[in-house]
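Colleague: Right, I'll just put the structure down here and ask away after.
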Amino acid sequence: MQIGNDALMDLNDLRAFARIADLLSVSAAARTLGWPKSSVSRALARLEAKLGSALVDRSTRHLRLTDAGILLLPHARRIIGDVEEAVTALGNYVGAPRGTLRVNVPFTFAVGLLAPMLPGFMARYPDVRVVLDVENRVIDLPVEAADLVIRVGTLPDSDLVARRLARIELWTCASPGYLAAHGTPSMIGDLSGHALLAAFDRSMIWSYRGPGGRVEQVEVRPGSVVPEPTAMRTVLLGGAGIGRLPDFIAEEPVAAGTLVRLLPDSVGDTVEVHALFPSHRSLSAKVRIFLDALIEHLDRVRPRDAPPPGPAPGSGAGHASDSVSLTPPSFLAGSST
């Protein structure tokens, strides 16, 4: 490989190469960058021509990096990161937040708790374009185009910083019609004699803490499985049995009398909601003001959840991996047996 003195590399070409290297796919790199596939291919070709060496081996069915590509990749990542850090620092200094903010969030949280704060946020920050990616799949923040990830449940080890947003209790509920036909459980042990609906097709444990702090558990062998909380609410409203719902999904039908909260003197299992972002990057102005607005909204609608101020390493957020995962129905999940 022979590199001349004029081999100045274009930042966007480096960005395209790094994304191809991470995903080993030109098409996937184009999707995450939001570029046409042809633009990504041309960017790679320009960079290879500039350096005088192939960076990606296209001769096999699956792409792989050449020795030159392996050598370049860590340098490309560092250059891209340094430039993004500089842009973030300058943006925080010179002006109002602006640009596209991509937030990856589970469907139930987006519908129940995030969406209500968006109109006010958009009116207050008209130069910030919010793009919600509503799903529960594994997200690799350094690779994918997400500025912020919101996840519910236990966090795996990672290099991400986690900021707690809320603690959600799972309410055990049934319709008045079901209870009239089958009786109302007055003790936790009574649940086992009912038609129980759960998120997983396996046995699990539901736990309850009584007023005196005593914890009681019941083994649940679900008769039917409904893995999505809003769908579970509809099934329970129809009188199909007893199931658990996130408190913010259950509050309205319980207040209206169309669902009954069972065992209300006991506290059911709880799950925590965290916002996650890379630890090696300065928090951009658009991410910071979005987090502040979301926490302010949650403090207003759920004052019992008020989290400690400032970002901190989250429970379970360590240093093993940058992948952040959530089992989709974890709002409803108990511990499996």
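Convention: chains lettered A, B, ... in structure tokens order; per-chain residue numbering from 1; ligands numbered from 1 as shown.
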Excluding A:Thr234 and its own-chain neighbours fewer than 2 positions away, which residues fall within 12 Å of it when counting only C-alpha atoms? Please give them as number ranges by chain.
Modeller: A: 173-175, 226, 228-232, 236-243, 245, 249-250, 253, 258-259
Colleague: Please dump the current selection as a PDB file, in the first residue's frame; keep N, CA, C and O atoms.
Modeller:
```
ATOM      1  N   CYS A 173     -54.655  -7.661  37.836  1.00  0.00           N
ATOM      2  CA  CYS A 173     -55.974  -7.123  37.490  1.00  0.00           C
ATOM      3  C   CYS A 173     -56.876  -8.177  36.851  1.00  0.00           C
ATOM      4  O   CYS A 173     -56.395  -9.167  36.278  1.00  0.00           O
ATOM      5  N   ALA A 174     -58.157  -7.911  36.953  1.00  0.00           N
ATOM      6  CA  ALA A 174     -59.173  -8.723  36.267  1.00  0.00           C
ATOM      7  C   ALA A 174     -60.403  -7.851  36.074  1.00  0.00           C
ATOM      8  O   ALA A 174     -60.564  -6.810  36.730  1.00  0.00           O
ATOM      9  N   SER A 175     -61.295  -8.272  35.206  1.00  0.00           N
ATOM     10  CA  SER A 175     -62.523  -7.512  34.971  1.00  0.00           C
ATOM     11  C   SER A 175     -63.568  -7.847  36.028  1.00  0.00           C
ATOM     12  O   SER A 175     -63.555  -8.944  36.616  1.00  0.00           O
ATOM     13  N   VAL A 226     -49.975 -13.602  26.565  1.00  0.00           N
ATOM     14  CA  VAL A 226     -50.155 -12.347  25.833  1.00  0.00           C
ATOM     15  C   VAL A 226     -48.928 -11.491  26.134  1.00  0.00           C
ATOM     16  O   VAL A 226     -48.840 -10.887  27.205  1.00  0.00           O
ATOM     17  N   GLU A 228     -47.713  -8.585  25.067  1.00  0.00           N
ATOM     18  CA  GLU A 228     -47.678  -7.121  24.932  1.00  0.00           C
ATOM     19  C   GLU A 228     -48.702  -6.503  25.885  1.00  0.00           C
ATOM     20  O   GLU A 228     -49.862  -6.905  25.904  1.00  0.00           O
ATOM     21  N   PRO A 229     -48.292  -5.531  26.713  1.00  0.00           N
ATOM     22  CA  PRO A 229     -49.163  -5.031  27.771  1.00  0.00           C
ATOM     23  C   PRO A 229     -50.476  -4.418  27.302  1.00  0.00           C
ATOM     24  O   PRO A 229     -51.503  -4.623  27.948  1.00  0.00           O
ATOM     25  N   THR A 230     -50.475  -3.645  26.222  1.00  0.00           N
ATOM     26  CA  THR A 230     -51.745  -3.056  25.789  1.00  0.00           C
ATOM     27  C   THR A 230     -52.687  -4.128  25.264  1.00  0.00           C
ATOM     28  O   THR A 230     -53.916  -4.027  25.433  1.00  0.00           O
ATOM     29  N   ALA A 231     -52.144  -5.163  24.627  1.00  0.00           N
ATOM     30  CA  ALA A 231     -52.978  -6.289  24.219  1.00  0.00           C
ATOM     31  C   ALA A 231     -53.482  -7.049  25.440  1.00  0.00           C
ATOM     32  O   ALA A 231     -54.654  -7.477  25.485  1.00  0.00           O
ATOM     33  N   MET A 232     -52.643  -7.208  26.453  1.00  0.00           N
ATOM     34  CA  MET A 232     -53.060  -7.865  27.691  1.00  0.00           C
ATOM     35  C   MET A 232     -54.218  -7.120  28.330  1.00  0.00           C
ATOM     36  O   MET A 232     -55.189  -7.727  28.803  1.00  0.00           O
ATOM     37  N   LEU A 236     -57.851  -8.698  29.223  1.00  0.00           N
ATOM     38  CA  LEU A 236     -58.391  -8.686  30.591  1.00  0.00           C
ATOM     39  C   LEU A 236     -59.728  -7.964  30.646  1.00  0.00           C
ATOM     40  O   LEU A 236     -60.647  -8.385  31.355  1.00  0.00           O
ATOM     41  N   LEU A 237     -59.849  -6.864  29.916  1.00  0.00           N
ATOM     42  CA  LEU A 237     -61.124  -6.143  29.878  1.00  0.00           C
ATOM     43  C   LEU A 237     -62.237  -7.030  29.347  1.00  0.00           C
ATOM     44  O   LEU A 237     -63.408  -6.879  29.729  1.00  0.00           O
ATOM     45  N   GLY A 238     -61.892  -7.978  28.484  1.00  0.00           N
ATOM     46  CA  GLY A 238     -62.883  -8.898  27.934  1.00  0.00           C
ATOM     47  C   GLY A 238     -63.242 -10.037  28.855  1.00  0.00           C
ATOM     48  O   GLY A 238     -64.082 -10.876  28.484  1.00  0.00           O
ATOM     49  N   GLY A 239     -62.620 -10.105  30.048  1.00  0.00           N
ATOM     50  CA  GLY A 239     -63.014 -11.115  31.030  1.00  0.00           C
ATOM     51  C   GLY A 239     -62.330 -12.458  30.875  1.00  0.00           C
ATOM     52  O   GLY A 239     -62.852 -13.477  31.341  1.00  0.00           O
ATOM     53  N   ALA A 240     -61.132 -12.483  30.251  1.00  0.00           N
ATOM     54  CA  ALA A 240     -60.490 -13.769  29.974  1.00  0.00           C
ATOM     55  C   ALA A 240     -59.787 -14.374  31.183  1.00  0.00           C
ATOM     56  O   ALA A 240     -59.473 -15.563  31.172  1.00  0.00           O
ATOM     57  N   GLY A 241     -59.509 -13.582  32.215  1.00  0.00           N
ATOM     58  CA  GLY A 241     -58.804 -14.123  33.363  1.00  0.00           C
ATOM     59  C   GLY A 241     -58.124 -13.033  34.161  1.00  0.00           C
ATOM     60  O   GLY A 241     -58.530 -11.862  34.127  1.00  0.00           O
ATOM     61  N   ILE A 242     -57.062 -13.435  34.873  1.00  0.00           N
ATOM     62  CA  ILE A 242     -56.287 -12.523  35.720  1.00  0.00           C
ATOM     63  C   ILE A 242     -54.894 -12.387  35.124  1.00  0.00           C
ATOM     64  O   ILE A 242     -54.265 -13.373  34.739  1.00  0.00           O
ATOM     65  N   GLY A 243     -54.397 -11.166  35.054  1.00  0.00           N
ATOM     66  CA  GLY A 243     -53.056 -10.923  34.537  1.00  0.00           C
ATOM     67  C   GLY A 243     -52.441  -9.705  35.179  1.00  0.00           C
ATOM     68  O   GLY A 243     -53.082  -9.023  35.997  1.00  0.00           O
ATOM     69  N   LEU A 245     -50.398  -5.962  34.690  1.00  0.00           N
ATOM     70  CA  LEU A 245     -50.212  -4.824  33.798  1.00  0.00           C
ATOM     71  C   LEU A 245     -49.289  -3.802  34.450  1.00  0.00           C
ATOM     72  O   LEU A 245     -49.328  -3.616  35.677  1.00  0.00           O
ATOM     73  N   ILE A 249     -50.492   1.563  32.647  1.00  0.00           N
ATOM     74  CA  ILE A 249     -51.460   1.008  31.696  1.00  0.00           C
ATOM     75  C   ILE A 249     -52.758   0.644  32.415  1.00  0.00           C
ATOM     76  O   ILE A 249     -53.853   0.745  31.852  1.00  0.00           O
ATOM     77  N   ALA A 250     -52.638   0.242  33.683  1.00  0.00           N
ATOM     78  CA  ALA A 250     -53.812  -0.226  34.436  1.00  0.00           C
ATOM     79  C   ALA A 250     -54.577   0.892  35.126  1.00  0.00           C
ATOM     80  O   ALA A 250     -55.772   0.744  35.413  1.00  0.00           O
ATOM     81  N   PRO A 253     -58.217   2.157  33.445  1.00  0.00           N
ATOM     82  CA  PRO A 253     -59.358   1.246  33.559  1.00  0.00           C
ATOM     83  C   PRO A 253     -59.712   0.903  35.003  1.00  0.00           C
ATOM     84  O   PRO A 253     -60.891   0.676  35.312  1.00  0.00           O
ATOM     85  N   THR A 258     -63.574  -0.511  35.043  1.00  0.00           N
ATOM     86  CA  THR A 258     -63.654  -1.579  34.046  1.00  0.00           C
ATOM     87  C   THR A 258     -62.641  -2.695  34.313  1.00  0.00           C
ATOM     88  O   THR A 258     -62.755  -3.778  33.749  1.00  0.00           O
ATOM     89  N   LEU A 259     -61.653  -2.430  35.148  1.00  0.00           N
ATOM     90  CA  LEU A 259     -60.768  -3.449  35.698  1.00  0.00           C
ATOM     91  C   LEU A 259     -60.704  -3.271  37.208  1.00  0.00           C
ATOM     92  O   LEU A 259     -60.887  -2.155  37.722  1.00  0.00           O
TER      93      LEU A 259
END
```
Colleague: Give the helix (DSSP H, G or I) residues of stretch 139-221 of chain A, as assigned by DSSP on the backbone, as number ranges by chain.
Modeller: A: 176-182, 188-193
Colleague: What is the distance between atom CA of A:Arg214 and atom CA of A:Leu196, in Å to one decimal?
Modeller: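 Answer for the atom CA of A:Arg214 to atom CA of A:Leu196 separation: 23.1 Å.
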Colleague: Taking only C-alpha atoms into account, which of A:Phe290, A:Phe107, A:Trp171, A:Phe277 comes nearest A:Val254?
Modeller: A:Trp171
Colleague: Calculated over only C-alpha atoms, which of the candidates A:Ala198, A:Leu118, A:Leu294, A:Leu11 has the smallest distance to A:Arg77?
Modeller: A:Leu11
Colleague: For A:Pro264, work out the shell of residues within 12 Å, counting only C-alpha atoms and skipping chain neighbours fewer than 6 positions away, then give it as a ChimeraX atom specification.
Modeller: /A:169-173,185-188,208-211,247,254
Colleague: Filtering to N, CA and C atoms, could you give me those residues as a short mmCIF file (atom, residue, chain, number, x, y, z; two decimals), in the first residue's frame?
Modeller:
```
data_model
loop_
_atom_site.label_atom_id
_atom_site.label_comp_id
_atom_site.auth_asym_id
_atom_site.auth_seq_id
_atom_site.Cartn_x
_atom_site.Cartn_y
_atom_site.Cartn_z
N GLU A 169 -44.62 -0.49 38.85
CA GLU A 169 -45.17 -1.65 39.54
C GLU A 169 -46.12 -2.39 38.62
N LEU A 170 -46.10 -3.71 38.71
CA LEU A 170 -47.01 -4.54 37.95
C LEU A 170 -48.25 -4.82 38.80
N TRP A 171 -49.40 -4.35 38.34
CA TRP A 171 -50.66 -4.54 39.05
C TRP A 171 -51.34 -5.81 38.55
N THR A 172 -51.85 -6.58 39.49
CA THR A 172 -52.61 -7.78 39.15
C THR A 172 -54.08 -7.38 39.00
N CYS A 173 -54.66 -7.66 37.84
CA CYS A 173 -55.97 -7.12 37.49
C CYS A 173 -56.88 -8.18 36.85
N PRO A 185 -60.02 -13.36 44.37
CA PRO A 185 -58.99 -13.86 45.29
C PRO A 185 -58.72 -12.85 46.41
N SER A 186 -58.75 -13.32 47.63
CA SER A 186 -58.49 -12.43 48.77
C SER A 186 -57.09 -12.61 49.32
N MET A 187 -56.43 -13.71 48.94
CA MET A 187 -55.06 -13.97 49.37
C MET A 187 -54.23 -14.34 48.14
N ILE A 188 -52.94 -14.16 48.26
CA ILE A 188 -52.06 -14.43 47.13
C ILE A 188 -52.16 -15.89 46.70
N TYR A 208 -45.13 -10.68 45.85
CA TYR A 208 -45.89 -9.60 46.46
C TYR A 208 -45.32 -9.30 47.84
N ARG A 209 -45.18 -8.02 48.16
CA ARG A 209 -44.70 -7.61 49.47
C ARG A 209 -45.85 -7.00 50.23
N GLY A 210 -46.17 -7.59 51.39
CA GLY A 210 -47.30 -7.13 52.19
C GLY A 210 -46.96 -5.89 53.01
N PRO A 211 -47.96 -5.34 53.71
CA PRO A 211 -47.75 -4.12 54.51
C PRO A 211 -46.64 -4.25 55.54
N ASP A 247 -48.38 -0.36 35.94
CA ASP A 247 -49.34 0.50 36.64
C ASP A 247 -49.90 1.61 35.76
N VAL A 254 -58.73 0.88 35.91
CA VAL A 254 -59.05 0.64 37.32
C VAL A 254 -59.85 1.81 37.88
#
```
Colleague: For A:Pro303, which residue out of A:Val271, A:Ser39, A:Ser284, A:Ala166 is the nearest one, using only C-alpha atoms?
Modeller: A:Ala166
Colleague: Output as an MDAnalysis selection string all residues of stretch 32-195 of chain A that backbone DSSP marks as strand (DSSP E).
Modeller: chainID A and resid 56:57 64:65 99:105 128:134 139:140 148:152 160:174
